[in-house]
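As stored in start.cif (mmCIF, C-alpha atoms):
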data_input
#
loop_
_atom_site.label_atom_id
_atom_site.label_comp_id
_atom_site.auth_asym_id
_atom_site.auth_seq_id
_atom_site.Cartn_x
_atom_site.Cartn_y
_atom_site.Cartn_z
CA MET A 1 18.01 -4.54 -3.11
CA MET A 2 14.66 -4.26 -1.37
CA ASP A 3 12.64 -5.23 -4.40
CA LYS A 4 14.13 -8.66 -5.02
CA PRO A 5 11.76 -11.65 -4.97
CA LEU A 6 11.04 -12.69 -1.43
CA PRO A 7 12.06 -16.00 0.01
CA LYS A 8 9.50 -17.75 2.14
CA ARG A 9 9.75 -16.78 5.75
CA ALA A 10 7.77 -17.48 8.85
CA ALA A 11 5.07 -15.00 9.73
CA PRO A 12 5.66 -12.84 12.81
CA VAL A 13 4.56 -14.51 15.99
CA SER A 14 2.22 -11.85 17.26
CA THR A 15 -1.40 -10.83 17.25
CA ASP A 16 -3.21 -7.94 15.69
CA ARG A 17 -6.69 -6.58 15.04
CA ALA A 18 -6.06 -6.28 11.33
CA GLY A 19 -7.07 -9.81 10.59
CA VAL A 20 -3.95 -11.72 11.52
CA ALA A 21 -3.85 -14.09 14.43
CA GLY A 22 -0.54 -15.07 15.97
CA ARG A 23 0.93 -17.16 18.72
CA ALA A 24 2.48 -14.60 21.05
CA ARG A 25 2.71 -10.84 21.50
CA ASN A 26 5.97 -9.03 20.90
CA PRO A 27 6.42 -6.16 23.39
CA TRP A 28 8.45 -4.24 20.79
CA TRP A 29 5.35 -3.65 18.66
CA ASP A 30 3.08 -2.93 21.63
CA ASN A 31 5.48 -0.31 22.96
CA THR A 32 5.48 1.36 19.54
CA ARG A 33 1.69 1.18 19.35
CA PHE A 34 1.29 2.96 22.65
CA LEU A 35 3.60 5.80 21.65
CA SER A 36 1.93 6.26 18.27
CA ALA A 37 -1.56 6.08 19.75
CA THR A 38 -0.62 8.62 22.43
CA LEU A 39 0.68 11.07 19.81
CA ILE A 40 -2.50 10.64 17.77
CA VAL A 41 -4.73 11.34 20.78
CA ILE A 42 -2.69 14.40 21.77
CA LEU A 43 -2.93 15.96 18.33
CA HIS A 44 -6.62 15.17 17.92
CA THR A 45 -7.31 16.63 21.35
CA GLY A 46 -5.62 19.93 20.55
CA GLY A 47 -6.31 19.96 16.83
CA SER A 48 -8.92 22.69 16.99
CA ILE A 49 -6.46 25.19 18.51
CA MET A 50 -3.35 24.01 16.65
CA ALA A 51 -3.50 26.83 14.10
CA ARG A 52 -3.10 29.51 16.80
CA GLU A 53 -0.80 27.66 19.21
CA GLU A 54 2.71 27.54 17.78
CA VAL A 55 3.95 24.84 20.12
CA LEU A 56 1.14 22.47 19.13
CA HIS A 57 1.64 23.12 15.43
CA SER A 58 5.37 22.51 15.80
CA PHE A 59 4.68 19.30 17.68
CA HIS A 60 2.26 18.27 14.94
CA ILE A 61 4.92 18.57 12.22
CA ALA A 62 7.75 17.04 14.25
CA SER A 63 5.74 13.97 15.26
CA TRP A 64 3.74 13.42 12.06
CA ALA A 65 5.75 10.40 10.90
CA PHE A 66 5.34 8.71 14.28
CA ARG A 67 1.56 8.82 14.11
CA VAL A 68 -0.26 7.75 10.94
CA PRO A 69 2.80 6.46 8.99
CA ALA A 70 3.85 4.41 12.00
CA PHE A 71 0.35 2.95 12.32
CA VAL A 72 0.36 2.11 8.61
CA MET A 73 3.68 0.29 8.82
CA LEU A 74 2.66 -1.56 11.98
CA ALA A 75 -0.50 -2.71 10.20
CA GLY A 76 1.70 -4.04 7.42
CA VAL A 77 3.92 -5.89 9.89
CA PHE A 78 1.00 -8.01 11.04
CA SER A 79 -0.67 -8.55 7.68
CA ASN A 80 -0.70 -11.80 5.79
CA ALA A 81 0.19 -11.90 2.11
CA GLY A 82 -1.24 -15.36 1.60
CA PRO A 83 -4.32 -16.13 -0.48
CA LEU A 84 -7.54 -14.73 0.91
CA GLY A 85 -9.51 -17.83 1.77
CA PRO A 86 -12.91 -17.95 3.47
CA ARG A 87 -11.40 -17.79 6.95
CA SER A 88 -9.28 -14.72 6.10
CA LEU A 89 -12.25 -12.92 4.57
CA ARG A 90 -14.39 -13.61 7.64
CA THR A 91 -11.62 -12.27 9.88
CA LEU A 92 -11.35 -9.11 7.80
CA LEU A 93 -15.08 -8.59 8.10
CA GLN A 94 -15.00 -9.16 11.84
CA SER A 95 -11.94 -7.07 12.65
CA ILE A 96 -12.22 -4.22 10.12
CA VAL A 97 -15.54 -3.87 8.27
CA LEU A 98 -17.99 -4.38 11.13
CA PRO A 99 -16.06 -2.18 13.62
CA ALA A 100 -15.85 0.56 10.97
CA LEU A 101 -19.60 0.46 10.41
CA ALA A 102 -20.36 0.31 14.14
CA PHE A 103 -18.18 3.27 15.06
CA SER A 104 -19.36 5.25 12.06
CA LEU A 105 -22.91 4.84 13.33
CA LEU A 106 -21.85 5.84 16.85
CA TYR A 107 -20.15 8.92 15.45
CA SER A 108 -23.31 9.90 13.56
CA LEU A 109 -25.44 9.40 16.66
CA GLU A 110 -23.08 11.50 18.74
CA LYS A 111 -23.08 14.30 16.16
CA TYR A 112 -26.88 14.17 16.15
CA TRP A 113 -26.91 14.36 19.94
CA LEU A 114 -24.67 17.44 19.70
CA GLY A 115 -27.21 19.13 17.42
CA ASP A 116 -26.06 18.24 13.90
CA GLU A 117 -27.98 16.43 11.21
CA PHE A 118 -27.95 12.64 11.34
CA ILE A 119 -25.89 11.32 8.43
CA VAL A 120 -25.16 7.72 7.51
CA HIS A 121 -21.57 7.55 6.28
CA VAL A 122 -20.83 4.85 3.72
CA VAL A 123 -18.65 6.21 0.90
CA GLN A 124 -16.58 8.46 3.14
CA LEU A 125 -16.23 7.33 6.74
CA PRO A 126 -15.97 10.12 9.31
CA TRP A 127 -12.83 11.48 10.92
CA THR A 128 -10.28 8.76 11.84
CA LEU A 129 -12.24 5.82 10.41
CA TRP A 130 -10.71 6.33 6.97
CA PHE A 131 -7.83 4.23 8.29
CA LEU A 132 -10.05 1.15 8.62
CA MET A 133 -11.34 1.52 5.08
CA SER A 134 -7.79 1.84 3.77
CA LEU A 135 -6.68 -1.08 5.91
CA PHE A 136 -9.34 -3.24 4.33
CA PHE A 137 -8.13 -2.40 0.82
CA TRP A 138 -4.45 -2.75 1.78
CA ARG A 139 -5.18 -6.23 3.03
CA LEU A 140 -6.96 -7.10 -0.21
CA LEU A 141 -4.16 -5.68 -2.34
CA LEU A 142 -1.21 -7.17 -0.47
CA PRO A 143 -1.39 -10.71 -1.98
CA LEU A 144 -1.24 -9.09 -5.42
CA VAL A 145 1.46 -6.55 -4.57
CA VAL A 146 3.93 -9.14 -3.28
CA GLN A 147 3.78 -10.95 -6.63
CA LEU A 148 5.11 -7.91 -8.51
CA ARG A 149 8.68 -7.97 -9.72
CA HIS A 150 9.46 -4.67 -7.97
CA PRO A 151 6.68 -4.10 -5.41
CA LEU A 152 8.15 -1.08 -3.64
CA LEU A 153 9.01 0.68 -6.89
CA VAL A 154 5.56 0.04 -8.41
CA THR A 155 3.58 1.07 -5.32
CA THR A 156 5.67 4.22 -4.94
CA GLY A 157 5.06 5.11 -8.58
CA VAL A 158 1.32 4.66 -8.09
CA ALA A 159 1.43 6.78 -4.92
CA LEU A 160 3.09 9.62 -6.81
CA ALA A 161 0.92 9.36 -9.92
CA VAL A 162 -2.42 9.28 -8.10
CA GLY A 163 -1.98 12.92 -7.15
CA TYR A 164 -2.68 13.83 -10.77
CA VAL A 165 -6.04 12.02 -10.84
CA GLU A 166 -8.91 14.12 -9.54
CA GLU A 167 -11.19 11.12 -9.07
CA PHE A 168 -8.96 9.65 -6.38
CA GLY A 169 -9.86 11.68 -3.33
CA MET A 170 -11.56 11.08 -0.01
CA ALA A 171 -14.30 8.78 -1.34
CA PHE A 172 -13.60 5.23 -0.19
CA SER A 173 -10.31 6.64 1.13
CA ALA A 174 -8.91 6.02 -2.35
CA SER A 175 -6.11 8.58 -2.27
CA ARG A 176 -4.75 7.63 1.15
CA THR A 177 -5.01 3.94 0.34
CA LEU A 178 -2.76 4.23 -2.69
CA VAL A 179 -0.40 6.86 -1.29
CA TYR A 180 0.30 4.93 1.92
CA LEU A 181 0.51 1.55 0.17
CA PRO A 182 4.36 1.67 -0.11
CA LEU A 183 4.63 2.16 3.66
CA PHE A 184 2.19 -0.68 4.27
CA TYR A 185 4.24 -2.95 2.03
CA LEU A 186 7.46 -1.88 3.74
CA GLY A 187 5.92 -2.76 7.09
CA TRP A 188 5.05 -6.21 5.75
CA ARG A 189 8.67 -6.66 4.67
CA ILE A 190 9.83 -5.77 8.17
CA GLY A 191 7.42 -8.34 9.56
CA GLN A 192 9.07 -10.96 7.35
CA GLY A 193 12.41 -10.37 9.04
CA TYR A 194 14.06 -7.94 6.65
CA LEU A 195 16.20 -4.97 7.73
CA ASN A 196 17.40 -6.92 10.76
CA THR A 197 20.84 -5.37 10.30
CA TRP A 198 19.33 -1.93 10.81
CA PHE A 199 17.52 -2.99 13.96
CA THR A 200 20.49 -4.75 15.57
CA SER A 201 23.68 -2.96 14.49
CA ARG A 202 25.35 -0.37 16.69
CA TRP A 203 25.89 2.22 13.95
CA SER A 204 22.16 2.43 13.24
CA LEU A 205 21.53 3.53 16.82
CA PHE A 206 23.39 6.80 16.27
CA VAL A 207 21.71 7.33 12.89
CA ALA A 208 18.28 6.80 14.51
CA VAL A 209 19.00 9.36 17.22
CA ALA A 210 20.13 11.84 14.57
CA GLY A 211 16.95 11.21 12.56
CA ILE A 212 14.67 11.87 15.54
CA LEU A 213 16.57 15.05 16.42
CA ALA A 214 16.37 16.22 12.80
CA SER A 215 12.60 15.76 12.82
CA CYS A 216 12.36 17.85 15.99
CA VAL A 217 14.54 20.60 14.51
CA VAL A 218 12.47 20.73 11.32
CA GLY A 219 9.26 20.82 13.33
CA TRP A 220 10.53 23.65 15.50
CA LEU A 221 12.12 25.87 12.84
CA TRP A 222 10.08 25.30 9.69
CA HIS A 223 6.70 24.01 10.86
CA TRP A 224 4.81 26.92 9.27
CA ASP A 225 6.49 26.24 5.91
CA ILE A 226 5.24 22.66 5.71
CA LYS A 227 1.73 22.61 4.27
CA GLY A 228 -0.99 20.43 5.71
CA ASN A 229 -2.01 19.04 2.32
CA TRP A 230 1.51 17.63 1.88
CA LEU A 231 0.92 15.40 4.89
CA SER A 232 -2.79 14.61 4.61
CA MET A 233 -2.39 12.51 1.43
CA ARG A 234 -6.09 12.87 0.66
CA HIS A 235 -6.14 15.57 -2.02
CA PRO A 236 -4.73 15.81 -5.56
CA TYR A 237 -1.80 18.05 -6.34
CA SER A 238 -2.36 21.79 -6.57
CA VAL A 239 -0.91 24.43 -8.85
CA ALA A 240 -0.14 26.39 -5.68
CA ASP A 241 2.56 23.88 -4.68
CA PRO A 242 6.02 25.50 -4.53
CA LEU A 243 7.37 23.33 -7.36
CA GLY A 244 4.27 23.74 -9.51
CA LEU A 245 1.92 21.05 -10.71
CA GLU A 246 4.52 19.41 -12.94
CA TRP A 247 6.97 18.67 -10.12
CA ALA A 248 4.50 18.30 -7.25
CA TRP A 249 5.28 14.58 -7.08
CA VAL A 250 8.78 15.40 -5.82
CA ILE A 251 7.35 16.82 -2.59
CA ARG A 252 5.22 13.72 -2.04
CA LEU A 253 8.23 11.47 -2.68
CA LEU A 254 10.30 13.38 -0.12
CA VAL A 255 7.48 13.23 2.42
CA LEU A 256 7.00 9.46 1.98
CA ALA A 257 10.73 8.77 2.07
CA SER A 258 11.22 10.84 5.22
CA ALA A 259 8.21 9.17 6.86
CA ALA A 260 9.59 5.69 6.17
CA ALA A 261 13.05 6.69 7.41
CA LEU A 262 11.70 8.27 10.61
CA VAL A 263 9.53 5.27 11.44
CA LEU A 264 12.60 3.06 11.04
CA CYS A 265 14.43 5.40 13.43
CA LEU A 266 11.58 5.15 15.92
CA LEU A 267 11.56 1.35 15.76
CA ARG A 268 15.33 1.27 16.21
CA LEU A 269 15.11 3.27 19.42
CA MET A 270 11.99 1.60 20.81
CA PRO A 271 12.76 -0.84 23.67
CA ARG A 272 12.14 -4.48 22.75
CA ARG A 273 11.62 -5.65 26.28
CA ARG A 274 8.36 -5.56 28.19
CA LEU A 275 7.84 -2.18 29.87
CA PRO A 276 5.64 -1.82 32.95
CA LEU A 277 2.18 -0.57 32.02
CA ILE A 278 3.30 0.70 28.58
CA THR A 279 3.35 -2.71 26.92
CA THR A 280 0.00 -3.71 28.39
CA LEU A 281 -1.66 -0.49 27.26
CA GLY A 282 -0.02 -0.69 23.84
CA ALA A 283 -1.78 -3.97 23.22
CA GLY A 284 -4.98 -1.91 23.08
CA GLY A 285 -3.77 0.42 20.35
CA PHE A 286 -6.64 -0.53 18.07
CA THR A 287 -9.18 0.19 20.80
CA ILE A 288 -7.56 3.54 21.58
CA TYR A 289 -7.72 4.54 17.94
CA LEU A 290 -11.40 3.68 17.61
CA LEU A 291 -12.65 5.11 20.91
CA HIS A 292 -10.78 8.38 21.36
CA PRO A 293 -12.76 10.41 18.75
CA LEU A 294 -16.00 9.61 20.57
CA VAL A 295 -14.55 11.13 23.75
CA ILE A 296 -12.80 14.11 22.13
CA LEU A 297 -15.70 15.14 19.87
CA PRO A 298 -18.13 16.40 22.57
CA VAL A 299 -15.29 18.08 24.47
CA ARG A 300 -14.29 19.93 21.33
CA GLU A 301 -17.81 20.74 20.13
CA LEU A 302 -18.83 22.12 23.53
CA GLY A 303 -15.98 24.63 23.31
CA TRP A 304 -13.87 23.36 26.19
CA VAL A 305 -10.73 22.91 24.11
CA SER A 306 -11.01 26.33 22.46
CA ARG A 307 -10.77 27.98 25.89
CA VAL A 308 -7.20 26.73 26.32
CA ASN A 309 -4.84 29.65 25.69
CA THR A 310 -2.00 29.59 28.24
CA SER A 311 1.10 27.42 28.49
CA VAL A 312 -0.12 25.80 31.71
CA GLU A 313 -3.47 24.98 30.13
CA ILE A 314 -1.75 23.47 27.06
CA VAL A 315 0.35 21.25 29.31
CA GLY A 316 -2.80 20.24 31.16
CA LEU A 317 -4.52 19.45 27.87
CA VAL A 318 -1.63 17.23 26.82
CA LEU A 319 -1.66 15.43 30.16
CA CYS A 320 -5.41 14.84 29.83
CA ALA A 321 -4.82 13.34 26.39
CA VAL A 322 -2.16 11.00 27.78
CA LEU A 323 -4.49 9.98 30.59
CA LEU A 324 -7.27 9.34 28.08
CA THR A 325 -4.95 7.12 26.07
CA MET A 326 -4.09 5.07 29.16
CA VAL A 327 -7.73 4.66 30.17
CA LEU A 328 -8.90 3.60 26.70
CA GLY A 329 -6.03 1.13 26.33
CA SER A 330 -6.58 -0.50 29.72
CA PRO A 331 -7.68 -4.16 29.76
CA PRO A 332 -11.06 -3.45 31.47
CA VAL A 333 -12.06 -0.96 28.76
CA ARG A 334 -10.87 -3.31 26.01
CA ARG A 335 -12.99 -6.12 27.42
CA LEU A 336 -15.98 -3.82 27.78
CA VAL A 337 -15.97 -2.66 24.15
CA ARG A 338 -14.86 -5.93 22.60
CA PRO A 339 -18.37 -6.53 21.16
CA LEU A 340 -17.79 -3.36 19.11
CA THR A 341 -14.10 -3.71 18.26
CA ARG A 342 -14.34 -7.39 17.39
CA PRO A 343 -18.02 -8.27 17.09
CA SER A 344 -19.25 -11.80 16.78
CA THR A 345 -20.09 -12.94 13.26
CA GLY A 346 -21.85 -16.18 14.12
CA TRP A 347 -25.21 -14.57 13.36
CA LEU A 348 -24.04 -13.53 9.91
CA PHE A 349 -22.48 -16.64 8.43
CA ALA A 350 -23.99 -20.05 7.96
CA PRO A 351 -22.20 -22.79 9.86
CA ALA A 352 -19.58 -24.57 7.86
CA THR A 353 -21.03 -27.68 6.27
CA PRO A 354 -18.88 -30.75 6.18
CA GLY A 355 -17.91 -32.01 2.76
CA PRO A 356 -19.18 -35.28 1.29
CA PRO A 357 -17.90 -38.34 3.09
CA GLN A 358 -14.82 -39.75 1.50
CA PRO A 359 -14.94 -43.46 0.64
CA GLU A 360 -12.76 -45.54 2.86
CA ARG A 361 -9.70 -46.81 1.17
CA ALA A 362 -8.65 -50.37 1.55
CA PRO A 363 -5.43 -50.64 3.46
CA ALA A 364 -2.43 -51.03 1.24
CA PRO A 365 -1.20 -54.62 1.12
CA VAL A 366 1.81 -55.27 3.22
CA PRO A 367 4.58 -56.76 1.13
CA PRO A 368 5.75 -60.13 2.39
CA VAL A 369 8.96 -60.06 4.30
CA PRO A 370 11.51 -62.30 2.55
CA GLU A 371 12.90 -65.08 4.65
CA PRO A 372 16.59 -64.78 5.35
CA ALA A 373 18.80 -67.10 3.32
CA PRO A 374 20.21 -70.04 5.26
CA SER A 375 23.67 -69.29 6.50
CA VAL A 376 26.50 -71.48 5.28
CA PRO A 377 29.07 -72.31 7.94
CA GLU A 378 32.56 -71.17 7.06
CA PRO A 379 35.11 -73.93 6.68
CA VAL A 380 37.39 -74.36 9.63
CA ARG A 381 40.90 -73.45 8.75
CA THR A 382 43.72 -75.25 10.39
CA PRO A 383 46.83 -73.38 11.16
#
I'd like the structure from this file rewritten - as structure tokens, please.
Amino acid sequence: MMDKPLPKRAAPVSTDRAGVAGRARNPWWDNTRFLSATLIVILHTGGSIMAREEVLHSFHIASWAFRVPAFVMLAGVFSNAGPLGPRSLRTLLQSIVLPALAFSLLYSLEKYWLGDEFIVHVVQLPWTLWFLMSLFFWRLLLPLVVQLRHPLLVTTGVALAVGYVEEFGMAFSASRTLVYLPLFYLGWRIGQGYLNTWFTSRWSLFVAVAGILASCVVGWLWHWDIKGNWLSMRHPYSVADPLGLEWAWVIRLLVLASAAALVLCLLRLMPRRRLPLITTLGAGGFTIYLLHPLVILPVRELGWVSRVNTSVEIVGLVLCAVLLTMVLGSPPVRRLVRPLTRPSTGWLFAPATPGPPQPERAPAPVPPVPEPAPSVPEPVRTP
């Protein structure tokens, strides 16, 4: 069962912006990052016209699990469930809190430049930055979650129950944090080496292909029947849900279960070897996620996206989004914005003070080596 107590396993040898340092990058995760980041940029680029363009709305439903849920599980893969010591807390501040505040300020300045009122966002971070706030709380909660007797069962129960609590909404990303927590935990389990049979067996390859095709079929045929609030995870249940308020949790359970299953299908099909250009750009998935709203926002607010209304223009819009993903994930751009995505914290923390000198211990006495007993010559036997 997936909820049995975990044996100790080695942490994944990889690196991540979520506060976990590793020894080497695994191209499998970077390839997945690039695909997920590209899908996110495409949908955010065409989001303002998605309601009137059927192909974009269908694409939005079919690829939903491969965007935010995939990012959540990948964040869990590279998270550490160990105690949060001073070094871990400093890393969280450097890799999550400070970038969230910096890009929130940039977003406010850009909105002000576009003619809106200047707003300082603290309780509810703007647009895509909710993910960083949730990531911070996921990282704080993980050491506690892994100590539960049945972590996946408990976190899923909380995710379903929180929909009945009005207070858990968009403030501090509370709703999304708790609803996506089971996927984050599942990602951590994958990072510990579990589900290897799924990722290596031949039978799972055919199941993964069938799962991806099923997602495409559902997105094409029933995309208008799937409500946006079922996927956003940021609002409480509504009496307007098809099953009513009493059974609204069933829809959320089905959505979370299908998201986890589809991400597993995606990982099963994703190449594990290093791919030209893709793997290198995927290493900048965190940078892509943080930077792309700042580029898309003025394009959208100036009305350029809303003018797209033909099939050729939609294809061109998608290609521009892919190109934007590649540019933002390139090593030169990552180096250029590193002071924002991973700012220095030397100015914030006092230097570590050495502890009191330890008294020198006298060397342990060496026990005397006993002298060997004198050998007694054996008597000579005569035949």
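For the structure in this document, the set picked by the PyMOL selection byres ((chain A and resi 337) around 12) is A:Pro99, A:Ala102, A:Phe103, A:Gly284, A:Phe286, A:Thr287, A:Ile288, A:Leu290, A:Leu291, A:Leu328, A:Gly329, A:Ser330, A:Pro331, A:Pro332, A:Val333, A:Arg334, A:Arg335, A:Leu336, A:Arg338, A:Pro339, A:Leu340, A:Thr341, A:Arg342, A:Pro343.
Computed from the coordinates, the atom CA of A:Arg176 to atom CA of A:Val295 distance equals 24.9 Å.
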Could the residues of stretch 224-302 of chain A that have an atom at most 10 Å from stretch 180-194 of chain A be listed as a tab-separated table, each with its closest atom pair and the distance in Å to one decimal, counting all atoms listed in the file and ordered by chain and ascending residue number?
residue	atom	partner	partner_atom	distance
A:Met233	CA	A:Tyr180	CA	8.1
A:Leu256	CA	A:Leu183	CA	7.9
A:Ala257	CA	A:Leu183	CA	9.1
A:Ala259	CA	A:Leu183	CA	8.5
A:Ala260	CA	A:Leu183	CA	6.6
A:Val263	CA	A:Leu183	CA	9.7
A:Leu264	CA	A:Ile190	CA	9.7
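Between atom CA of A:Leu253 and atom CA of A:Val179 the separation is 9.9 Å.
You will find atom CA of A:Met133 at 6.8 Å from atom CA of A:Phe172.
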Of A:Ser238, A:Thr45, A:Asn196, A:Gln124, the one nearest to A:Val308 when counting all atoms listed in the file is A:Thr45
Name the residues within 8 Å of (-8.2, 17.1, 27.2), counting only C-alpha atoms in the file's coordinates, and put them as a ChimeraX atom specification.
/A:45-46,296,299,305,316-321,324
Determine the residue set returned by the PyMOL selection byres ((chain A and resi 62-75) around 9) for the present structure, and present it as a PyMOL selection string.
chain A and resi 16-18+29+32-33+35-40+57-61+76-79+131+135+180-181+183-188+190-191+212+214-220+223+231+256+258-264+266
Pull out every residue that the PyMOL selection byres ((chain A and resi 274) around 10) matches in the shown coordinates and put them as a count of residues only.
14
